Amino acid sequence: MKQLIDTILVTKAQQLIAAARNVVIITHISPDGDAMGSSLGMKHYLNSLGKNAIVIVPNEFPNFLAWMPGAKEDLVYEKQTAEADTALSNADLLIITDFQEPKRAGDALGAKIVEVGQTKPIIMIDHHLYPSDMADVTISYPECASASELVYRSICQMGIMDMSSNLNFATCIYTGMMTDTGNFQYNSNHPEMYEIVAQLLRAGVDKDACYNQVFNQFHAGRMRLVGYCLYRKMRLFHQHHVALITLSSKELKQFNFTSGDAEGIVNMPLQIKNIHYSVFMREDVDKIKLSFRSQGDRPINTFAHDIYNGGGHKNAAGGEYYGPLTEAVKLFLTNYEQYCQ
Ligand code: 5GP
Ligand code: MN
């Protein structure tokens, strides 16, 4: 397999890891499968080197990721701030995975990373555009479909530990690769991806079980919510090949909404012929959370970035709006024609 990551970066990261005893790994807010896979995969690797490694997530991860090896030991910054701050004070090294700027770790943890980063080294392993200069070693490859794949590649290139039989590590990496490609439906044409998958399967990963754990564990309310969204809430703007689904907090309550229940809904309108863009908005506690998806060579992250202070990948992006849902929708109606062509 080609060595994707610059050898100088790998060597620098390896030196920082070798010099560290206590490592804190941090991933992004509202952790998804790749956030969990990349951070936990790194943790299992560091543990196998005999190092102490603690993963901090900004807020709670969804239930359908709780089965991932090591997930239950994660510190949730929102709830376990004191414990997490102690871990950060004791750390010799910070590794951040699957995000590229402090704000993606949430306001409080983002500010804390910047503060701690003044005196401690940071390694970033990420695949988003425009990495900030927050890290000492920035392993950033947006062409890579998942941060988990980058963690795997980095470790392989370091070559100091044979991870081929570490099932916990392999399971976390596989899960991240699977979720960030929608079970290998998009961003998944690179042949080397399947060479890595083959290696992970040889390590004992049960890929069918991973799929089942992630995608087939919803409660009935979530399925009814999906039905409601598609039947009642999906608006189609055929001329511009766009779909919009919005959910108010009142509607969410009706379906006993819990974290993770909105997962994948934004992708569904793309199953309609000639619908190439999809936007999903839901009312959160203090803001509107937006998800954007597109197909092929149609960037949607510009819409998320310019109008909703967000960003992400060409075909999968997100953003936030601080104001009422009706205003967020108005902004959409004013701007979609420009961004969806
Ligand atoms: P999702 O729709 O699954 O929440 O997010 C899709 C992708 O959009 C994420 O992988 C992340 O790269 C990006 N993203 C989601 N929310 C935000 C946000 O609020 N700000 C930025 N910059 N990117 C986001
Ligand atoms: Mn990712």
# chains A, B, ... in the order shown; residues from 1 in each chain; ligands from 1

$ residues_near_ligand --ligand "ligand 2" --cutoff "9 Å" --atoms "only C-alpha atoms and all ligand atoms" --output "MDAnalysis selection string"
chainID A and resid 32:35 38 97:99 126:128 145:148 176:177 179:180

$ residues_near_ligand --ligand "ligand 1" --cutoff "7 Å" --atoms "only C-alpha atoms and all ligand atoms" --output "VMD selection string"
chain A and resid 104 128 290 to 292 305 309 to 313 316 to 320

$ write_last_selection --atoms "all heavy atoms" --output "short mmCIF file (atom, residue, chain, number, x, y, z; two decimals), in the first residue's frame"
data_model
loop_
_atom_site.label_atom_id
_atom_site.label_comp_id
_atom_site.auth_asym_id
_atom_site.auth_seq_id
_atom_site.Cartn_x
_atom_site.Cartn_y
_atom_site.Cartn_z
N ARG A 104 -14.94 23.15 16.91
CA ARG A 104 -15.64 21.88 16.67
C ARG A 104 -15.62 20.96 17.89
O ARG A 104 -16.29 19.93 17.91
CB ARG A 104 -15.04 21.16 15.46
CG ARG A 104 -15.33 21.84 14.14
CD ARG A 104 -16.75 21.60 13.64
NE ARG A 104 -16.97 20.21 13.30
CZ ARG A 104 -18.09 19.56 13.58
NH1 ARG A 104 -19.09 20.14 14.21
NH2 ARG A 104 -18.23 18.28 13.22
N HIS A 128 -10.69 17.03 7.38
CA HIS A 128 -11.51 18.18 6.97
C HIS A 128 -10.65 19.25 6.30
O HIS A 128 -9.46 19.36 6.60
CB HIS A 128 -12.23 18.78 8.18
CG HIS A 128 -13.25 17.85 8.77
ND1 HIS A 128 -12.95 16.96 9.77
CD2 HIS A 128 -14.55 17.66 8.46
CE1 HIS A 128 -14.03 16.26 10.06
NE2 HIS A 128 -15.02 16.65 9.27
N LEU A 290 -28.12 21.97 11.61
CA LEU A 290 -28.38 21.68 10.19
C LEU A 290 -27.43 20.62 9.65
O LEU A 290 -26.24 20.61 10.01
CB LEU A 290 -28.20 22.95 9.35
CG LEU A 290 -29.17 24.08 9.61
CD1 LEU A 290 -28.53 25.13 10.49
CD2 LEU A 290 -29.61 24.72 8.30
N SER A 291 -27.96 19.77 8.79
CA SER A 291 -27.14 18.79 8.07
C SER A 291 -27.37 18.98 6.57
O SER A 291 -28.50 19.23 6.14
CB SER A 291 -27.56 17.37 8.43
OG SER A 291 -27.07 17.03 9.70
N PHE A 292 -26.30 18.85 5.83
CA PHE A 292 -26.35 19.02 4.37
C PHE A 292 -25.74 17.80 3.70
O PHE A 292 -24.71 17.30 4.15
CB PHE A 292 -25.50 20.24 3.96
CG PHE A 292 -25.96 21.55 4.53
CD1 PHE A 292 -25.65 21.89 5.84
CD2 PHE A 292 -26.69 22.45 3.78
CE1 PHE A 292 -26.06 23.09 6.39
CE2 PHE A 292 -27.11 23.66 4.31
CZ PHE A 292 -26.79 23.99 5.62
N HIS A 305 -21.19 26.68 4.99
CA HIS A 305 -20.17 27.62 5.46
C HIS A 305 -20.63 29.06 5.36
O HIS A 305 -20.59 29.83 6.33
CB HIS A 305 -18.88 27.41 4.66
CG HIS A 305 -17.81 28.40 4.99
ND1 HIS A 305 -17.64 29.57 4.29
CD2 HIS A 305 -16.88 28.40 5.96
CE1 HIS A 305 -16.65 30.26 4.82
NE2 HIS A 305 -16.17 29.58 5.84
N ASN A 309 -22.59 29.35 9.03
CA ASN A 309 -21.40 29.36 9.87
C ASN A 309 -20.86 27.96 10.14
O ASN A 309 -20.32 27.68 11.21
CB ASN A 309 -21.77 30.06 11.21
CG ASN A 309 -20.55 30.36 12.04
OD1 ASN A 309 -19.49 30.63 11.48
ND2 ASN A 309 -20.68 30.28 13.35
N GLY A 310 -21.02 27.08 9.17
CA GLY A 310 -20.60 25.69 9.36
C GLY A 310 -19.52 25.29 8.38
O GLY A 310 -18.68 26.11 7.98
N GLY A 311 -19.55 24.05 7.96
CA GLY A 311 -18.55 23.56 7.03
C GLY A 311 -18.64 22.05 6.93
O GLY A 311 -19.66 21.47 7.28
N GLY A 312 -17.55 21.43 6.49
CA GLY A 312 -17.53 19.98 6.36
C GLY A 312 -16.95 19.58 5.03
O GLY A 312 -16.11 20.27 4.46
N HIS A 313 -17.40 18.45 4.54
CA HIS A 313 -16.88 17.91 3.30
C HIS A 313 -17.75 18.34 2.11
O HIS A 313 -18.84 18.84 2.30
CB HIS A 313 -16.85 16.38 3.37
CG HIS A 313 -16.23 15.87 4.63
ND1 HIS A 313 -14.87 15.86 4.83
CD2 HIS A 313 -16.78 15.42 5.78
CE1 HIS A 313 -14.61 15.39 6.03
NE2 HIS A 313 -15.75 15.11 6.63
N ALA A 316 -20.94 16.22 2.40
CA ALA A 316 -21.57 16.07 3.74
C ALA A 316 -21.08 17.19 4.62
O ALA A 316 -19.88 17.24 4.95
CB ALA A 316 -21.21 14.72 4.35
N ALA A 317 -21.99 18.06 4.99
CA ALA A 317 -21.57 19.20 5.79
C ALA A 317 -22.62 19.49 6.85
O ALA A 317 -23.69 18.88 6.88
CB ALA A 317 -21.37 20.42 4.89
N GLY A 318 -22.29 20.44 7.73
CA GLY A 318 -23.23 20.79 8.80
C GLY A 318 -23.07 22.24 9.17
O GLY A 318 -22.11 22.90 8.77
N GLY A 319 -24.01 22.73 9.93
CA GLY A 319 -23.93 24.11 10.40
C GLY A 319 -24.90 24.34 11.53
O GLY A 319 -25.63 23.42 11.94
N GLU A 320 -24.89 25.55 12.04
CA GLU A 320 -25.77 25.91 13.15
C GLU A 320 -26.38 27.26 12.89
O GLU A 320 -25.78 28.10 12.22
CB GLU A 320 -24.96 25.99 14.45
CG GLU A 320 -24.43 24.67 14.92
CD GLU A 320 -23.39 24.80 16.02
OE1 GLU A 320 -22.98 25.94 16.36
OE2 GLU A 320 -22.98 23.75 16.52
#

$ residues_around --residues "Glu115 of chain A" --least-positions-apart "6" --cutoff "12 Å" --atoms "only C-alpha atoms" --output "list in words"
Asp85, Leu88, Ser89, Leu94, Pro102, Ala108, Leu109, Pro121, Ile122 and Met134 of chain A

$ closest_residue --among "A:Pro58, A:Pro131, A:Thr181, A:Leu150" --to "Lys112 of chain A" --atoms "only C-alpha atoms"
A:Pro58

$ residues_around --residues "Asp92 of chain A" --least-positions-apart "5" --cutoff "7 Å" --atoms "only C-alpha atoms" --output "tab-separated table (two decimals) with N, CA, C and O atoms, in the first residue's frame"
chain	number	residue	atom	x	y	z
A	20	ALA	N	5.78	10.60	25.43
A	20	ALA	CA	4.64	10.83	26.33
A	20	ALA	C	4.31	9.59	27.14
A	20	ALA	O	4.48	8.45	26.69
A	21	ARG	N	3.82	9.84	28.35
A	21	ARG	CA	3.36	8.71	29.18
A	21	ARG	C	1.82	8.78	29.30
A	21	ARG	O	1.13	7.79	29.18
A	22	ASN	N	1.32	10.01	29.51
A	22	ASN	CA	-0.13	10.20	29.63
A	22	ASN	C	-0.64	10.98	28.42
A	22	ASN	O	-0.22	12.11	28.19
A	23	VAL	N	-1.54	10.36	27.69
A	23	VAL	CA	-2.04	11.01	26.48
A	23	VAL	C	-3.56	11.22	26.59
A	23	VAL	O	-4.28	10.32	27.05
A	120	LYS	N	1.60	22.21	25.97
A	120	LYS	CA	1.74	20.78	25.65
A	120	LYS	C	1.58	20.55	24.15
A	120	LYS	O	0.79	21.25	23.51

$ atom_distance --atom1 "atom CA of Lys51 of chain A" --atom2 "atom CA of Ile95 of chain A"
13.2 Å

$ select_by_dssp --residues "segment 185-246 of chain A" --states "strand (DSSP E)" --output "MDAnalysis selection string"
chainID A and resid 235:237 242:246

$ select_by_dssp --residues "segment 22-204 of chain A" --states "helix (DSSP H, G or I)" --output "number ranges by chain"
A: 33-48, 63-65, 71-73, 81-90, 102-105, 107-116, 147-158, 167-180, 191-202

$ closest_residue --among "A:Gln185, A:Thr27, A:Thr81, A:Asn315" --to "Ile123 of chain A" --atoms "only C-alpha atoms"
A:Thr27

$ atom_distance --atom1 "atom CA of Val24 of chain A" --atom2 "atom CA of Leu167 of chain A"
21.5 Å

$ residues_around --residues "Val10 of chain A" --least-positions-apart "2" --cutoff "9 Å" --atoms "only C-alpha atoms" --output "PyMOL selection string"
chain A and resi 5-8+12-15+137+139+154-155+157-158

$ atom_distance --atom1 "atom CA of Ser249 of chain A" --atom2 "atom CA of Gln271 of chain A"
26.1 Å

$ residues_around --residues "segment 331-338 of chain A" --least-positions-apart "5" --cutoff "8 Å" --atoms "only C-alpha atoms" --output "list of chain:residue names"
A:His240, A:Phe303, A:Ile307

$ write_last_selection --atoms "N, CA, C and O atoms" --output "short mmCIF file (atom, residue, chain, number, x, y, z; two decimals), in the first residue's frame"
data_model
loop_
_atom_site.label_atom_id
_atom_site.label_comp_id
_atom_site.auth_asym_id
_atom_site.auth_seq_id
_atom_site.Cartn_x
_atom_site.Cartn_y
_atom_site.Cartn_z
N HIS A 240 -34.37 22.86 -8.63
CA HIS A 240 -32.98 22.92 -8.16
C HIS A 240 -32.52 21.60 -7.53
O HIS A 240 -31.46 21.55 -6.92
N PHE A 303 -22.56 26.14 1.04
CA PHE A 303 -23.85 26.60 1.56
C PHE A 303 -23.78 26.62 3.10
O PHE A 303 -24.11 27.62 3.75
N ILE A 307 -23.68 30.45 4.79
CA ILE A 307 -24.97 30.89 5.31
C ILE A 307 -25.19 30.46 6.77
O ILE A 307 -25.84 31.17 7.54
#

$ residues_around --residues "Val57 of chain A" --least-positions-apart "4" --cutoff "7 Å" --atoms "only C-alpha atoms" --output "JSON, numbers by chain"
{"A": [26, 27, 28, 29, 74, 75, 76, 77]}

$ write_last_selection --atoms "N, CA and C atoms" --output "PDB file, in the first residue's frame"
ATOM      1  N   ILE A  26      -8.883  13.705  22.009  1.00  0.00           N
ATOM      2  CA  ILE A  26     -10.142  14.465  21.996  1.00  0.00           C
ATOM      3  C   ILE A  26     -10.746  14.407  20.593  1.00  0.00           C
ATOM      4  N   THR A  27     -12.059  14.283  20.560  1.00  0.00           N
ATOM      5  CA  THR A  27     -12.714  14.309  19.259  1.00  0.00           C
ATOM      6  C   THR A  27     -13.857  15.332  19.255  1.00  0.00           C
ATOM      7  N   HIS A  28     -14.590  15.413  18.152  1.00  0.00           N
ATOM      8  CA  HIS A  28     -15.503  16.549  17.987  1.00  0.00           C
ATOM      9  C   HIS A  28     -16.849  16.399  18.693  1.00  0.00           C
ATOM     10  N   ILE A  29     -17.547  17.524  18.798  1.00  0.00           N
ATOM     11  CA  ILE A  29     -18.861  17.589  19.447  1.00  0.00           C
ATOM     12  C   ILE A  29     -19.864  16.735  18.667  1.00  0.00           C
ATOM     13  N   ASP A  74     -14.938   6.669  28.047  1.00  0.00           N
ATOM     14  CA  ASP A  74     -14.774   8.055  27.579  1.00  0.00           C
ATOM     15  C   ASP A  74     -15.237   9.032  28.649  1.00  0.00           C
ATOM     16  N   LEU A  75     -14.541  10.151  28.784  1.00  0.00           N
ATOM     17  CA  LEU A  75     -15.018  11.224  29.660  1.00  0.00           C
ATOM     18  C   LEU A  75     -15.844  12.190  28.819  1.00  0.00           C
ATOM     19  N   VAL A  76     -17.033  12.515  29.300  1.00  0.00           N
ATOM     20  CA  VAL A  76     -17.913  13.450  28.587  1.00  0.00           C
ATOM     21  C   VAL A  76     -17.697  14.839  29.201  1.00  0.00           C
ATOM     22  N   TYR A  77     -17.081  15.722  28.451  1.00  0.00           N
ATOM     23  CA  TYR A  77     -16.627  16.999  29.013  1.00  0.00           C
ATOM     24  C   TYR A  77     -17.753  17.789  29.669  1.00  0.00           C
TER      25      TYR A  77
END
